[in-house]
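> Have a peek at target-v5.txt (compact mmCIF, N, CA and C atoms).
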# COMPACT_ATOMS: atom_id res chain seq x y z
N MET A 297 15.16 14.06 7.42
CA MET A 297 15.23 14.25 5.99
C MET A 297 15.82 15.62 5.72
N LYS A 298 16.81 15.70 4.85
CA LYS A 298 17.43 16.96 4.49
C LYS A 298 16.61 17.66 3.44
N THR A 299 16.50 18.97 3.57
CA THR A 299 15.81 19.76 2.56
C THR A 299 16.85 20.58 1.83
N ILE A 300 16.83 20.52 0.53
CA ILE A 300 17.75 21.28 -0.29
C ILE A 300 17.02 22.52 -0.74
N HIS A 301 17.66 23.67 -0.61
CA HIS A 301 17.01 24.93 -0.96
C HIS A 301 17.68 25.54 -2.18
N SER A 302 16.91 26.29 -2.92
CA SER A 302 17.42 27.05 -4.06
C SER A 302 17.33 28.52 -3.70
N LEU A 303 18.33 29.28 -4.08
CA LEU A 303 18.34 30.71 -3.84
C LEU A 303 18.05 31.41 -5.15
N ILE A 304 17.00 32.21 -5.15
CA ILE A 304 16.61 32.94 -6.36
C ILE A 304 16.69 34.43 -6.02
N ILE A 305 17.44 35.16 -6.84
CA ILE A 305 17.55 36.59 -6.64
C ILE A 305 16.89 37.28 -7.82
N SER A 306 15.89 38.09 -7.52
CA SER A 306 15.14 38.78 -8.57
C SER A 306 14.80 40.17 -8.07
N SER A 307 15.09 41.16 -8.85
CA SER A 307 14.80 42.56 -8.51
C SER A 307 15.32 42.94 -7.13
N GLY A 308 16.48 42.41 -6.79
CA GLY A 308 17.09 42.75 -5.51
C GLY A 308 16.55 41.97 -4.32
N LEU A 309 15.55 41.13 -4.53
CA LEU A 309 14.99 40.33 -3.44
C LEU A 309 15.54 38.92 -3.51
N ALA A 310 15.88 38.35 -2.39
CA ALA A 310 16.37 36.97 -2.34
C ALA A 310 15.27 36.07 -1.79
N LEU A 311 14.98 35.01 -2.52
CA LEU A 311 13.99 34.04 -2.08
C LEU A 311 14.66 32.69 -1.91
N ILE A 312 14.37 32.02 -0.82
CA ILE A 312 14.88 30.68 -0.61
C ILE A 312 13.70 29.72 -0.75
N LEU A 313 13.80 28.84 -1.73
CA LEU A 313 12.72 27.90 -2.01
C LEU A 313 13.23 26.48 -1.85
N PRO A 314 12.38 25.59 -1.32
CA PRO A 314 12.80 24.19 -1.23
C PRO A 314 12.92 23.58 -2.62
N ASN A 315 13.91 22.72 -2.80
CA ASN A 315 14.10 22.03 -4.07
C ASN A 315 13.22 20.78 -4.05
N THR A 316 12.15 20.79 -4.85
CA THR A 316 11.22 19.66 -4.84
C THR A 316 11.58 18.62 -5.88
N VAL A 317 12.61 18.86 -6.68
CA VAL A 317 12.99 17.90 -7.71
C VAL A 317 13.46 16.58 -7.10
N ASN A 318 14.28 16.66 -6.06
CA ASN A 318 14.83 15.46 -5.44
C ASN A 318 14.13 15.09 -4.13
N ALA A 319 13.05 15.78 -3.81
CA ALA A 319 12.37 15.53 -2.55
C ALA A 319 11.67 14.17 -2.56
N LYS A 320 11.76 13.45 -1.44
CA LYS A 320 11.07 12.17 -1.30
C LYS A 320 9.61 12.46 -0.94
N PRO A 321 8.68 11.56 -1.34
CA PRO A 321 7.30 11.78 -0.93
C PRO A 321 7.18 11.70 0.59
N LEU A 322 6.40 12.60 1.16
CA LEU A 322 6.24 12.61 2.60
C LEU A 322 5.42 11.42 3.05
N CYS A 323 5.86 10.81 4.12
CA CYS A 323 5.15 9.67 4.69
C CYS A 323 3.88 10.18 5.36
N PRO A 324 2.73 9.59 5.05
CA PRO A 324 1.48 10.04 5.68
C PRO A 324 1.51 9.94 7.21
N SER A 325 2.21 8.93 7.75
CA SER A 325 2.36 8.80 9.19
C SER A 325 3.36 7.70 9.52
N GLN A 326 4.09 7.87 10.60
CA GLN A 326 4.97 6.81 11.10
C GLN A 326 4.16 5.75 11.83
N ASN A 327 3.00 6.15 12.37
CA ASN A 327 2.10 5.23 13.04
C ASN A 327 1.38 4.42 11.97
N PHE A 328 1.48 3.08 12.02
CA PHE A 328 0.94 2.27 10.94
C PHE A 328 -0.57 2.41 10.77
N ASN A 329 -1.32 2.45 11.87
CA ASN A 329 -2.78 2.57 11.76
C ASN A 329 -3.19 3.86 11.05
N GLN A 330 -2.50 4.95 11.35
CA GLN A 330 -2.79 6.22 10.67
C GLN A 330 -2.33 6.15 9.21
N PHE A 331 -1.17 5.54 8.96
CA PHE A 331 -0.70 5.36 7.60
C PHE A 331 -1.72 4.56 6.79
N LEU A 332 -2.22 3.45 7.37
CA LEU A 332 -3.17 2.58 6.67
C LEU A 332 -4.45 3.34 6.32
N LYS A 333 -4.94 4.16 7.23
CA LYS A 333 -6.13 4.96 6.95
C LYS A 333 -5.91 5.87 5.74
N ALA A 334 -4.75 6.52 5.70
CA ALA A 334 -4.43 7.38 4.56
C ALA A 334 -4.27 6.56 3.29
N PHE A 335 -3.61 5.42 3.39
CA PHE A 335 -3.33 4.55 2.24
C PHE A 335 -4.64 4.04 1.62
N GLU A 336 -5.53 3.52 2.45
CA GLU A 336 -6.74 2.92 1.90
C GLU A 336 -7.70 3.96 1.33
N ASN A 337 -7.59 5.20 1.74
CA ASN A 337 -8.54 6.23 1.30
C ASN A 337 -7.99 7.20 0.28
N ASN A 338 -6.77 6.94 -0.24
CA ASN A 338 -6.18 7.88 -1.18
C ASN A 338 -5.35 7.12 -2.23
N VAL A 339 -5.82 7.12 -3.46
CA VAL A 339 -5.16 6.38 -4.54
C VAL A 339 -3.75 6.91 -4.81
N SER A 340 -3.54 8.20 -4.72
CA SER A 340 -2.18 8.73 -4.99
C SER A 340 -1.20 8.24 -3.92
N ILE A 341 -1.65 8.09 -2.68
CA ILE A 341 -0.80 7.54 -1.63
C ILE A 341 -0.54 6.06 -1.91
N GLN A 342 -1.56 5.34 -2.36
CA GLN A 342 -1.37 3.93 -2.72
C GLN A 342 -0.30 3.80 -3.80
N LYS A 343 -0.35 4.64 -4.80
CA LYS A 343 0.63 4.56 -5.90
C LYS A 343 2.04 4.90 -5.42
N ARG A 344 2.17 5.90 -4.55
CA ARG A 344 3.49 6.32 -4.08
C ARG A 344 4.14 5.32 -3.13
N PHE A 345 3.31 4.58 -2.37
CA PHE A 345 3.86 3.70 -1.35
C PHE A 345 3.59 2.23 -1.65
N THR A 346 3.60 1.89 -2.94
CA THR A 346 3.52 0.50 -3.39
C THR A 346 4.80 0.19 -4.12
N LYS A 347 5.45 -0.89 -3.75
CA LYS A 347 6.71 -1.30 -4.38
C LYS A 347 6.49 -1.58 -5.86
N ASN A 348 7.47 -1.20 -6.66
CA ASN A 348 7.43 -1.46 -8.09
C ASN A 348 8.64 -2.30 -8.47
N PRO A 349 8.44 -3.54 -8.91
CA PRO A 349 7.17 -4.24 -9.10
C PRO A 349 6.64 -4.79 -7.78
N LEU A 350 5.33 -4.98 -7.75
CA LEU A 350 4.64 -5.53 -6.59
C LEU A 350 4.50 -7.04 -6.75
N GLN A 351 4.81 -7.77 -5.69
CA GLN A 351 4.64 -9.23 -5.73
C GLN A 351 3.16 -9.53 -5.50
N TRP A 352 2.55 -10.25 -6.44
CA TRP A 352 1.12 -10.59 -6.38
C TRP A 352 0.97 -12.10 -6.42
N ARG A 353 0.41 -12.66 -5.36
CA ARG A 353 0.21 -14.11 -5.31
C ARG A 353 -1.28 -14.42 -5.35
N SER A 354 -1.64 -15.36 -6.24
CA SER A 354 -3.04 -15.79 -6.38
C SER A 354 -3.12 -17.27 -6.10
N TYR A 355 -4.21 -17.67 -5.48
CA TYR A 355 -4.44 -19.06 -5.15
C TYR A 355 -5.68 -19.54 -5.89
N THR A 356 -5.55 -20.61 -6.67
CA THR A 356 -6.70 -21.16 -7.37
C THR A 356 -7.34 -22.28 -6.58
N ASP A 357 -6.58 -22.86 -5.69
CA ASP A 357 -7.07 -23.97 -4.86
C ASP A 357 -6.29 -23.92 -3.55
N SER A 358 -6.96 -24.15 -2.45
CA SER A 358 -6.29 -24.05 -1.15
C SER A 358 -5.19 -25.09 -0.97
N TYR A 359 -5.18 -26.13 -1.80
CA TYR A 359 -4.18 -27.19 -1.67
C TYR A 359 -3.00 -27.03 -2.63
N GLU A 360 -3.10 -26.07 -3.53
CA GLU A 360 -2.04 -25.86 -4.52
C GLU A 360 -1.14 -24.70 -4.12
N ALA A 361 0.05 -24.70 -4.65
CA ALA A 361 0.97 -23.58 -4.43
C ALA A 361 0.42 -22.35 -5.16
N PRO A 362 0.69 -21.17 -4.64
CA PRO A 362 0.17 -19.97 -5.30
C PRO A 362 0.90 -19.67 -6.62
N THR A 363 0.23 -18.96 -7.47
CA THR A 363 0.84 -18.42 -8.68
C THR A 363 1.37 -17.04 -8.30
N THR A 364 2.65 -16.80 -8.52
CA THR A 364 3.25 -15.52 -8.15
C THR A 364 3.68 -14.78 -9.40
N VAL A 365 3.29 -13.51 -9.48
CA VAL A 365 3.71 -12.65 -10.57
C VAL A 365 4.22 -11.34 -9.97
N LEU A 366 5.08 -10.68 -10.71
CA LEU A 366 5.52 -9.34 -10.33
C LEU A 366 4.77 -8.36 -11.22
N LYS A 367 3.98 -7.50 -10.59
CA LYS A 367 3.16 -6.55 -11.34
C LYS A 367 3.80 -5.17 -11.30
N SER A 368 3.98 -4.60 -12.47
CA SER A 368 4.42 -3.21 -12.55
C SER A 368 3.29 -2.33 -12.05
N VAL A 369 3.63 -1.23 -11.39
CA VAL A 369 2.58 -0.34 -10.89
C VAL A 369 1.73 0.21 -12.04
N LYS A 370 2.29 0.20 -13.25
CA LYS A 370 1.54 0.65 -14.43
C LYS A 370 0.43 -0.33 -14.78
N ASN A 371 0.57 -1.60 -14.38
CA ASN A 371 -0.41 -2.64 -14.72
C ASN A 371 -1.34 -3.02 -13.57
N ILE A 372 -1.34 -2.22 -12.53
CA ILE A 372 -2.22 -2.49 -11.39
C ILE A 372 -3.50 -1.70 -11.58
N THR A 373 -4.61 -2.34 -11.25
CA THR A 373 -5.89 -1.64 -11.26
C THR A 373 -6.03 -0.91 -9.92
N TRP A 374 -6.12 0.41 -9.98
CA TRP A 374 -6.22 1.23 -8.77
C TRP A 374 -7.67 1.58 -8.52
N PRO A 375 -8.12 1.66 -7.31
CA PRO A 375 -7.36 1.47 -6.08
C PRO A 375 -7.06 -0.01 -5.83
N ILE A 376 -5.93 -0.23 -5.21
CA ILE A 376 -5.50 -1.60 -4.93
C ILE A 376 -6.17 -2.13 -3.66
N MET A 377 -6.61 -1.23 -2.80
CA MET A 377 -7.27 -1.60 -1.54
C MET A 377 -8.57 -0.81 -1.45
N PRO A 378 -9.67 -1.47 -1.07
CA PRO A 378 -10.93 -0.73 -0.95
C PRO A 378 -10.87 0.29 0.18
N ASN A 379 -11.49 1.45 -0.07
CA ASN A 379 -11.49 2.49 0.96
C ASN A 379 -12.52 2.17 2.04
N ALA A 380 -12.55 2.97 3.08
CA ALA A 380 -13.41 2.70 4.24
C ALA A 380 -14.89 2.62 3.84
N LYS A 381 -15.31 3.48 2.94
CA LYS A 381 -16.72 3.48 2.49
C LYS A 381 -17.06 2.17 1.77
N GLU A 382 -16.16 1.72 0.89
CA GLU A 382 -16.38 0.45 0.17
C GLU A 382 -16.33 -0.73 1.12
N GLN A 383 -15.44 -0.69 2.09
CA GLN A 383 -15.35 -1.77 3.08
C GLN A 383 -16.68 -1.93 3.81
N LYS A 384 -17.26 -0.80 4.18
CA LYS A 384 -18.53 -0.83 4.92
C LYS A 384 -19.66 -1.31 4.01
N SER A 385 -19.75 -0.77 2.80
CA SER A 385 -20.86 -1.13 1.90
C SER A 385 -20.79 -2.59 1.45
N GLN A 386 -19.58 -3.18 1.39
CA GLN A 386 -19.41 -4.56 0.97
C GLN A 386 -19.28 -5.53 2.15
N SER A 387 -19.49 -5.02 3.35
CA SER A 387 -19.38 -5.82 4.59
C SER A 387 -18.03 -6.54 4.66
N LEU A 388 -16.95 -5.77 4.49
CA LEU A 388 -15.60 -6.32 4.56
C LEU A 388 -15.02 -6.09 5.95
N SER A 389 -14.33 -7.09 6.43
CA SER A 389 -13.65 -7.02 7.71
C SER A 389 -12.19 -6.67 7.46
N VAL A 390 -11.60 -5.85 8.33
CA VAL A 390 -10.19 -5.47 8.20
C VAL A 390 -9.50 -5.78 9.52
N LYS A 391 -8.42 -6.56 9.43
CA LYS A 391 -7.65 -6.93 10.63
C LYS A 391 -6.17 -6.74 10.33
N THR A 392 -5.45 -6.19 11.29
CA THR A 392 -4.01 -5.96 11.13
C THR A 392 -3.25 -6.83 12.11
N LYS A 393 -2.15 -7.41 11.62
CA LYS A 393 -1.30 -8.26 12.46
C LYS A 393 0.15 -7.84 12.27
N THR A 394 0.91 -7.77 13.36
CA THR A 394 2.33 -7.47 13.28
C THR A 394 3.08 -8.78 13.03
N LEU A 395 3.95 -8.78 12.03
CA LEU A 395 4.73 -9.96 11.67
C LEU A 395 6.03 -10.00 12.47
N ASN A 396 6.64 -11.17 12.59
CA ASN A 396 7.91 -11.31 13.31
C ASN A 396 8.99 -10.42 12.72
N SER A 397 8.91 -10.15 11.42
CA SER A 397 9.91 -9.33 10.74
C SER A 397 9.73 -7.84 11.03
N GLY A 398 8.65 -7.48 11.74
CA GLY A 398 8.37 -6.08 12.00
C GLY A 398 7.40 -5.49 10.99
N GLY A 399 7.13 -6.22 9.92
CA GLY A 399 6.16 -5.77 8.93
C GLY A 399 4.75 -5.92 9.45
N LYS A 400 3.80 -5.53 8.63
CA LYS A 400 2.38 -5.62 8.98
C LYS A 400 1.63 -6.37 7.89
N LYS A 401 0.72 -7.22 8.33
CA LYS A 401 -0.17 -7.95 7.42
C LYS A 401 -1.56 -7.40 7.65
N VAL A 402 -2.21 -6.96 6.57
CA VAL A 402 -3.56 -6.44 6.68
C VAL A 402 -4.48 -7.39 5.92
N PHE A 403 -5.41 -7.99 6.64
CA PHE A 403 -6.41 -8.87 6.06
C PHE A 403 -7.64 -8.04 5.76
N VAL A 404 -8.13 -8.13 4.52
CA VAL A 404 -9.39 -7.50 4.14
C VAL A 404 -10.23 -8.60 3.51
N GLY A 405 -11.37 -8.91 4.12
CA GLY A 405 -12.15 -10.02 3.61
C GLY A 405 -13.63 -9.92 3.85
N SER A 406 -14.38 -10.67 3.04
CA SER A 406 -15.83 -10.74 3.18
C SER A 406 -16.19 -11.34 4.53
N VAL A 407 -17.16 -10.73 5.18
CA VAL A 407 -17.62 -11.24 6.46
C VAL A 407 -18.38 -12.55 6.24
N ASP A 408 -19.17 -12.62 5.15
CA ASP A 408 -19.95 -13.83 4.84
C ASP A 408 -19.44 -14.46 3.57
N GLY A 409 -18.47 -15.32 3.65
CA GLY A 409 -18.04 -16.07 2.47
C GLY A 409 -16.61 -15.80 2.04
N ASP A 410 -16.29 -16.38 0.87
CA ASP A 410 -14.94 -16.33 0.34
C ASP A 410 -14.83 -15.48 -0.93
N ASP A 411 -15.83 -14.64 -1.18
CA ASP A 411 -15.83 -13.85 -2.41
C ASP A 411 -14.66 -12.88 -2.48
N TYR A 412 -14.29 -12.30 -1.37
CA TYR A 412 -13.21 -11.32 -1.34
C TYR A 412 -12.34 -11.57 -0.12
N ILE A 413 -11.12 -12.05 -0.35
CA ILE A 413 -10.16 -12.26 0.73
C ILE A 413 -8.79 -11.83 0.21
N MET A 414 -8.25 -10.79 0.81
CA MET A 414 -6.95 -10.26 0.39
C MET A 414 -6.07 -10.06 1.63
N ASN A 415 -4.80 -10.38 1.48
CA ASN A 415 -3.79 -10.06 2.49
C ASN A 415 -2.81 -9.08 1.86
N TYR A 416 -2.58 -7.98 2.55
CA TYR A 416 -1.65 -6.95 2.09
C TYR A 416 -0.47 -6.93 3.06
N TYR A 417 0.75 -6.96 2.53
CA TYR A 417 1.95 -7.00 3.36
C TYR A 417 2.74 -5.71 3.21
N PHE A 418 2.91 -5.01 4.34
CA PHE A 418 3.62 -3.74 4.37
C PHE A 418 4.90 -3.89 5.17
N TYR A 419 5.95 -3.23 4.70
CA TYR A 419 7.24 -3.21 5.40
C TYR A 419 7.77 -1.80 5.38
N ARG A 420 8.64 -1.50 6.32
CA ARG A 420 9.23 -0.15 6.38
C ARG A 420 10.39 -0.07 5.40
N LYS A 421 10.42 1.03 4.67
CA LYS A 421 11.51 1.30 3.74
C LYS A 421 11.70 2.80 3.64
N ALA A 422 12.91 3.23 3.78
CA ALA A 422 13.26 4.65 3.65
C ALA A 422 12.38 5.54 4.52
N GLY A 423 12.14 5.12 5.76
CA GLY A 423 11.42 5.96 6.70
C GLY A 423 9.91 5.95 6.58
N CYS A 424 9.36 5.02 5.81
CA CYS A 424 7.90 4.95 5.70
C CYS A 424 7.48 3.51 5.40
N TRP A 425 6.19 3.29 5.42
CA TRP A 425 5.62 1.98 5.10
C TRP A 425 5.47 1.85 3.61
N GLN A 426 5.61 0.63 3.12
CA GLN A 426 5.47 0.36 1.69
C GLN A 426 4.78 -0.98 1.50
N LEU A 427 3.79 -1.02 0.60
CA LEU A 427 3.12 -2.27 0.25
C LEU A 427 4.06 -3.06 -0.65
N LYS A 428 4.44 -4.27 -0.22
CA LYS A 428 5.39 -5.07 -1.00
C LYS A 428 4.78 -6.32 -1.60
N ARG A 429 3.67 -6.82 -1.01
CA ARG A 429 3.09 -8.07 -1.51
C ARG A 429 1.60 -8.07 -1.25
N VAL A 430 0.87 -8.69 -2.20
CA VAL A 430 -0.56 -8.92 -2.05
C VAL A 430 -0.82 -10.39 -2.29
N ASP A 431 -1.57 -11.01 -1.39
CA ASP A 431 -2.04 -12.39 -1.57
C ASP A 431 -3.53 -12.31 -1.83
N ASP A 432 -3.96 -12.76 -3.02
CA ASP A 432 -5.37 -12.79 -3.38
C ASP A 432 -5.89 -14.19 -3.11
N LEU A 433 -6.67 -14.33 -2.06
CA LEU A 433 -7.23 -15.62 -1.67
C LEU A 433 -8.71 -15.72 -2.04
N SER A 434 -9.19 -14.77 -2.83
CA SER A 434 -10.61 -14.71 -3.19
C SER A 434 -11.02 -15.94 -3.97
N LEU A 435 -12.28 -16.30 -3.80
CA LEU A 435 -12.82 -17.48 -4.46
C LEU A 435 -12.76 -17.36 -5.99
N ASN A 436 -13.05 -16.19 -6.50
CA ASN A 436 -13.08 -15.98 -7.95
C ASN A 436 -11.97 -15.04 -8.39
N ASN A 437 -10.73 -15.34 -8.07
CA ASN A 437 -9.64 -14.41 -8.43
C ASN A 437 -9.17 -14.60 -9.82
Write the structure described by the file as structure tokens, please.

Amino acid sequence: MKTIHSLIISSGLALILPNTVNAKPLCPSQNFNQFLKAFENNVSIQKRFTKNPLQWRSYTDSYEAPTTVLKSVKNITWPIMPNAKEQKSQSLSVKTKTLNSGGKKVFVGSVDGDDYIMNYYFYRKAGCWQLKRVDDLSLNN
């Protein structure tokens, strides 16, 4: 990543400062497991690394096709993924699978029942991971 610097001269002193106007958000980690830890535990990271609009699929019946909507990040209820503390308190299981496309699927679901079942799909874009799709398979979605 290139860093653009600004030169400021004041009272005979020259200061070189990074230009943060065009700077891309720093990726929490290239390693997906470390990225996921940062993503699930930090709402600002969730907002920065979620595609806008986000594809959201809901299932009302296991035999029907899903309802798909594109959600603007402005219309998402944050946090989009429960953090580690919430996962533990709600007895949620988290499993990660690598997809053939190179993306990652993260399953977050209730250990006992169908009350909470979510699949989160992450893909690499511009040198970092990005949440591109959520499948809500919860019983009461």
> Hey, can you check how far atom C of Thr364 of chain A sits from atom CA of Gly423 of chain A?
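Distance reported for this atom pair: 27.4 Å.
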> From segment 342-420 of chain A, collect each residue whose DSSP state is strand (DSSP E or B) and return the set as a PyMOL selection string.
chain A and resi 346-354+363-367+388-394+400-406+413-420
> So which one's closest to Ile413 of chain A, A:Asp431, A:Lys401, A:Lys370, A:Trp425? Using only C-alpha atoms, please.
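Among the listed residues, A:Asp431 lies closest to Ile413 of chain A.
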> Nearest residue to Met377 of chain A out of A:Gln330, A:Asn348, A:Ser397, A:Gln342, using only C-alpha atoms?
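Smallest separation from Met377 of chain A among the options: A:Gln342.
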> Quick check, in Å to one decimal: how far apart do atom N of Val430 of chain A and atom C of Gly398 of chain A lie?
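Going from atom N of Val430 of chain A over to atom C of Gly398 of chain A, I get 15.1 Å.
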> Give me the residues near Val390 of chain A as a ChimeraX atom specification, where near means some atom within 9 Å (using only C-alpha atoms) and where sequence neighbours in that chain fewer than 4 positions away do not count.
/A:383,402-405
> Let me make sure I understand: among A:Leu350, A:Val407, A:Leu395, A:Met414, which one has the smallest atom-to-atom distance to Leu427 of chain A if we use only N, CA and C atoms?
A:Leu350
> Nearest to Arg429 of chain A: which of A:Gly399, A:Arg344, A:Thr373, A:Leu332 is it, counting only C-alpha atoms?
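Result for the nearest residue to Arg429 of chain A: A:Gly399.
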> From the options A:Lys393, A:Leu388, A:Asn329, A:Lys428, which residue's atoms come nearest to Gln351 of chain A, counting all atoms listed in the file?
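Ranked by minimum distance to Gln351 of chain A, first place goes to A:Lys428.
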> Report, in Å to a single decimal, how far apart atom C of Glu336 of chain A and atom CA of Ala380 of chain A are.
6.5 Å
> For Asn337 of chain A, which residue out of A:Asp411, A:Asn379, A:Thr356, A:Cys323 is the nearest one, using only N, CA and C atoms?
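Looking only at the distances to Asn337 of chain A, the closest residue turns out to be A:Asn379.
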> Extending 8 Å beyond the listed atoms of segment 421-433 of chain A on each side, what axis-aligned box results? I want centre and edge lengths in Å to one decimal, as JSON.

{"center_x": 2.3, "center_y": -4.9, "center_z": 1.7, "size_x": 38.0, "size_y": 37.7, "size_z": 26.1}
> Which of segment 324-412 of chain A counts as helix (DSSP H, G or I) under DSSP, as number ranges by chain please?
A: 328-336, 339-344, 369-371, 380-385
> Where atoms are absent from segment 322-330 of chain A, fill them in so it carries all heavy atoms, then output it as an mmCIF file, in the coordinates of the input.

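After the write, rebuild34.cif holds the following:
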data_model
loop_
_atom_site.group_PDB
_atom_site.id
_atom_site.type_symbol
_atom_site.label_atom_id
_atom_site.label_comp_id
_atom_site.auth_asym_id
_atom_site.auth_seq_id
_atom_site.Cartn_x
_atom_site.Cartn_y
_atom_site.Cartn_z
ATOM 1 N N LEU A 322 6.400 12.600 1.160
ATOM 2 C CA LEU A 322 6.240 12.610 2.600
ATOM 3 C C LEU A 322 5.420 11.420 3.050
ATOM 4 O O LEU A 322 4.414 11.075 2.448
ATOM 5 C CB LEU A 322 5.553 13.900 3.040
ATOM 6 C CG LEU A 322 6.358 15.180 2.846
ATOM 7 C CD1 LEU A 322 5.525 16.391 3.221
ATOM 8 C CD2 LEU A 322 7.627 15.146 3.673
ATOM 9 N N CYS A 323 5.860 10.810 4.120
ATOM 10 C CA CYS A 323 5.150 9.670 4.690
ATOM 11 C C CYS A 323 3.880 10.180 5.360
ATOM 12 O O CYS A 323 3.941 11.121 6.159
ATOM 13 C CB CYS A 323 6.057 8.967 5.709
ATOM 14 S SG CYS A 323 5.356 7.428 6.331
ATOM 15 N N PRO A 324 2.730 9.590 5.050
ATOM 16 C CA PRO A 324 1.480 10.040 5.680
ATOM 17 C C PRO A 324 1.510 9.940 7.210
ATOM 18 O O PRO A 324 0.923 10.762 7.887
ATOM 19 C CB PRO A 324 0.424 9.101 5.104
ATOM 20 C CG PRO A 324 1.001 8.590 3.832
ATOM 21 C CD PRO A 324 2.480 8.544 4.052
ATOM 22 N N SER A 325 2.210 8.930 7.750
ATOM 23 C CA SER A 325 2.360 8.800 9.190
ATOM 24 C C SER A 325 3.360 7.700 9.520
ATOM 25 O O SER A 325 3.436 6.703 8.805
ATOM 26 C CB SER A 325 1.012 8.450 9.844
ATOM 27 O OG SER A 325 1.170 8.305 11.243
ATOM 28 N N GLN A 326 4.090 7.870 10.600
ATOM 29 C CA GLN A 326 4.970 6.810 11.100
ATOM 30 C C GLN A 326 4.160 5.750 11.830
ATOM 31 O O GLN A 326 4.551 4.598 11.908
ATOM 32 C CB GLN A 326 6.040 7.395 12.026
ATOM 33 C CG GLN A 326 7.000 8.353 11.322
ATOM 34 C CD GLN A 326 7.780 7.667 10.221
ATOM 35 O OE1 GLN A 326 8.326 6.587 10.412
ATOM 36 N NE2 GLN A 326 7.819 8.279 9.051
ATOM 37 N N ASN A 327 3.000 6.150 12.370
ATOM 38 C CA ASN A 327 2.100 5.230 13.040
ATOM 39 C C ASN A 327 1.380 4.420 11.970
ATOM 40 O O ASN A 327 0.723 4.986 11.091
ATOM 41 C CB ASN A 327 1.085 6.030 13.876
ATOM 42 C CG ASN A 327 0.038 5.145 14.507
ATOM 43 O OD1 ASN A 327 -0.851 4.634 13.830
ATOM 44 N ND2 ASN A 327 0.142 4.986 15.816
ATOM 45 N N PHE A 328 1.480 3.080 12.020
ATOM 46 C CA PHE A 328 0.940 2.270 10.940
ATOM 47 C C PHE A 328 -0.570 2.410 10.770
ATOM 48 O O PHE A 328 -1.066 2.485 9.654
ATOM 49 C CB PHE A 328 1.292 0.779 11.111
ATOM 50 C CG PHE A 328 0.783 -0.038 9.954
ATOM 51 C CD1 PHE A 328 1.424 0.028 8.721
ATOM 52 C CD2 PHE A 328 -0.361 -0.808 10.073
ATOM 53 C CE1 PHE A 328 0.940 -0.689 7.626
ATOM 54 C CE2 PHE A 328 -0.849 -1.536 8.989
ATOM 55 C CZ PHE A 328 -0.201 -1.464 7.757
ATOM 56 N N ASN A 329 -1.320 2.450 11.870
ATOM 57 C CA ASN A 329 -2.780 2.570 11.760
ATOM 58 C C ASN A 329 -3.190 3.860 11.050
ATOM 59 O O ASN A 329 -4.111 3.856 10.221
ATOM 60 C CB ASN A 329 -3.448 2.451 13.127
ATOM 61 C CG ASN A 329 -3.304 1.058 13.697
ATOM 62 O OD1 ASN A 329 -3.240 0.071 12.970
ATOM 63 N ND2 ASN A 329 -3.239 0.965 15.017
ATOM 64 N N GLN A 330 -2.500 4.950 11.350
ATOM 65 C CA GLN A 330 -2.790 6.220 10.670
ATOM 66 C C GLN A 330 -2.330 6.150 9.210
ATOM 67 O O GLN A 330 -3.016 6.658 8.309
ATOM 68 C CB GLN A 330 -2.112 7.380 11.393
ATOM 69 C CG GLN A 330 -2.742 7.647 12.742
ATOM 70 C CD GLN A 330 -1.984 8.701 13.533
ATOM 71 O OE1 GLN A 330 -0.983 9.254 13.101
ATOM 72 N NE2 GLN A 330 -2.472 8.974 14.731
#
